[in-house]
Amino acid sequence: MSIVIPEDPFHRRLHHIAPTGLTAETAQTSGMRRHAAISGETVGSRRLWMGQTHVAPATVSANHHHGESETAIYVVSGTPSFVFLDVEGEEPVEVRVDTRPGDYIFVPPYVPHREENPDPETEAIVVIARSTQEAIVVNLDELSWTGPVLTSQR
């Protein structure tokens, strides 16, 4: 499906996506299910992707990164953990960030990470927003990926 964007920025319509309108036709990683709501494909967005990710109880996703996308995560339910390799010290250290509903996580571009759901009974659900039109997902064998790395510009 191709969305046509009118050139007149003042006469475009809003898009409403109900939960039943989410689509699994997006990039995936083993151990989790992504559902797109807002994307270039679904609503014609140009610089934003938004959707949900579900991680089953007692599940660990594959390692991955999201290319040039900045990723913002809001924890809706469950207690997911986000794991990454901190390479800013003398030795790389695997860091685990445990979260709960209401928490936010920011994943910078190209940072390898994985999601884990340690709860043996409750599915973890998060809302994801990305700074690119589509969900870029690069699945990796391990967290110590050696591709391009962006650093903060403080």
# chains A, B, ... in the order shown; residues from 1 in each chain; ligands from 1

$ select_by_dssp --residues "segment 4-145 of chain A" --states "helix (DSSP H, G or I)" --output "count of residues only"
7

$ select_by_dssp --residues "chain A" --states "strand (DSSP E or B)" --output "VMD selection string"
chain A and resid 23 33 to 38 49 to 55 59 to 60 63 to 65 71 to 77 81 to 86 93 to 98 104 to 107 113 to 117 124 to 130 138 to 140

$ write_last_selection --atoms "C-alpha atoms" --output "mmCIF file, in the first residue's frame"
data_model
loop_
_atom_site.group_PDB
_atom_site.id
_atom_site.type_symbol
_atom_site.label_atom_id
_atom_site.label_comp_id
_atom_site.auth_asym_id
_atom_site.auth_seq_id
_atom_site.Cartn_x
_atom_site.Cartn_y
_atom_site.Cartn_z
ATOM 1 C CA THR A 23 0.329 -4.774 11.749
ATOM 2 C CA ARG A 33 6.876 -9.527 18.254
ATOM 3 C CA ARG A 34 6.793 -6.010 16.821
ATOM 4 C CA HIS A 35 3.527 -4.414 15.673
ATOM 5 C CA ALA A 36 3.646 -1.222 13.599
ATOM 6 C CA ALA A 37 1.096 1.547 14.113
ATOM 7 C CA ILE A 38 2.695 4.652 12.579
ATOM 8 C CA TRP A 49 7.913 4.973 13.219
ATOM 9 C CA MET A 50 5.833 3.964 16.226
ATOM 10 C CA GLY A 51 4.425 0.691 17.443
ATOM 11 C CA GLN A 52 4.395 -1.953 20.154
ATOM 12 C CA THR A 53 6.745 -4.744 21.077
ATOM 13 C CA HIS A 54 5.641 -7.826 23.004
ATOM 14 C CA VAL A 55 8.090 -10.136 24.792
ATOM 15 C CA THR A 59 12.018 -14.899 26.990
ATOM 16 C CA VAL A 60 15.251 -13.323 25.732
ATOM 17 C CA ASN A 63 20.816 -9.176 19.937
ATOM 18 C CA HIS A 64 20.102 -6.361 17.490
ATOM 19 C CA HIS A 65 20.417 -2.641 16.747
ATOM 20 C CA THR A 71 14.640 4.729 19.666
ATOM 21 C CA ALA A 72 12.434 5.768 22.575
ATOM 22 C CA ILE A 73 10.735 3.054 24.623
ATOM 23 C CA TYR A 74 7.866 3.379 27.102
ATOM 24 C CA VAL A 75 7.115 0.371 29.324
ATOM 25 C CA VAL A 76 3.366 -0.307 29.325
ATOM 26 C CA SER A 77 3.254 -3.579 31.253
ATOM 27 C CA SER A 81 15.103 -5.671 30.984
ATOM 28 C CA PHE A 82 17.295 -4.035 28.356
ATOM 29 C CA VAL A 83 20.852 -5.324 27.993
ATOM 30 C CA PHE A 84 23.737 -3.607 26.211
ATOM 31 C CA LEU A 85 27.541 -3.708 26.196
ATOM 32 C CA ASP A 86 29.018 -0.614 27.879
ATOM 33 C CA VAL A 93 30.836 -4.659 30.560
ATOM 34 C CA GLU A 94 27.390 -6.116 29.885
ATOM 35 C CA VAL A 95 24.841 -3.824 31.553
ATOM 36 C CA ARG A 96 21.274 -4.801 32.397
ATOM 37 C CA VAL A 97 18.645 -2.061 32.858
ATOM 38 C CA ASP A 98 15.600 -3.441 34.698
ATOM 39 C CA TYR A 104 11.310 5.152 29.608
ATOM 40 C CA ILE A 105 14.450 3.931 27.820
ATOM 41 C CA PHE A 106 16.441 5.755 25.127
ATOM 42 C CA VAL A 107 18.511 3.671 22.695
ATOM 43 C CA HIS A 113 21.124 -4.449 22.695
ATOM 44 C CA ARG A 114 18.501 -7.065 23.515
ATOM 45 C CA GLU A 115 15.252 -7.214 25.444
ATOM 46 C CA GLU A 116 14.644 -9.785 28.145
ATOM 47 C CA ASN A 117 11.500 -10.645 30.045
ATOM 48 C CA ALA A 124 6.080 -7.462 28.687
ATOM 49 C CA ILE A 125 4.585 -4.814 26.402
ATOM 50 C CA VAL A 126 6.374 -1.610 25.402
ATOM 51 C CA VAL A 127 5.573 1.252 23.042
ATOM 52 C CA ILE A 128 8.382 2.122 20.654
ATOM 53 C CA ALA A 129 8.996 5.364 18.755
ATOM 54 C CA ARG A 130 11.796 5.683 16.199
ATOM 55 C CA VAL A 138 19.755 -5.384 12.236
ATOM 56 C CA ASN A 139 19.923 -8.735 14.027
ATOM 57 C CA LEU A 140 23.331 -9.646 15.463
#

$ atom_distance --atom1 "atom CA of Gly67 of chain A" --atom2 "atom CA of Thr79 of chain A"
25.4 Å
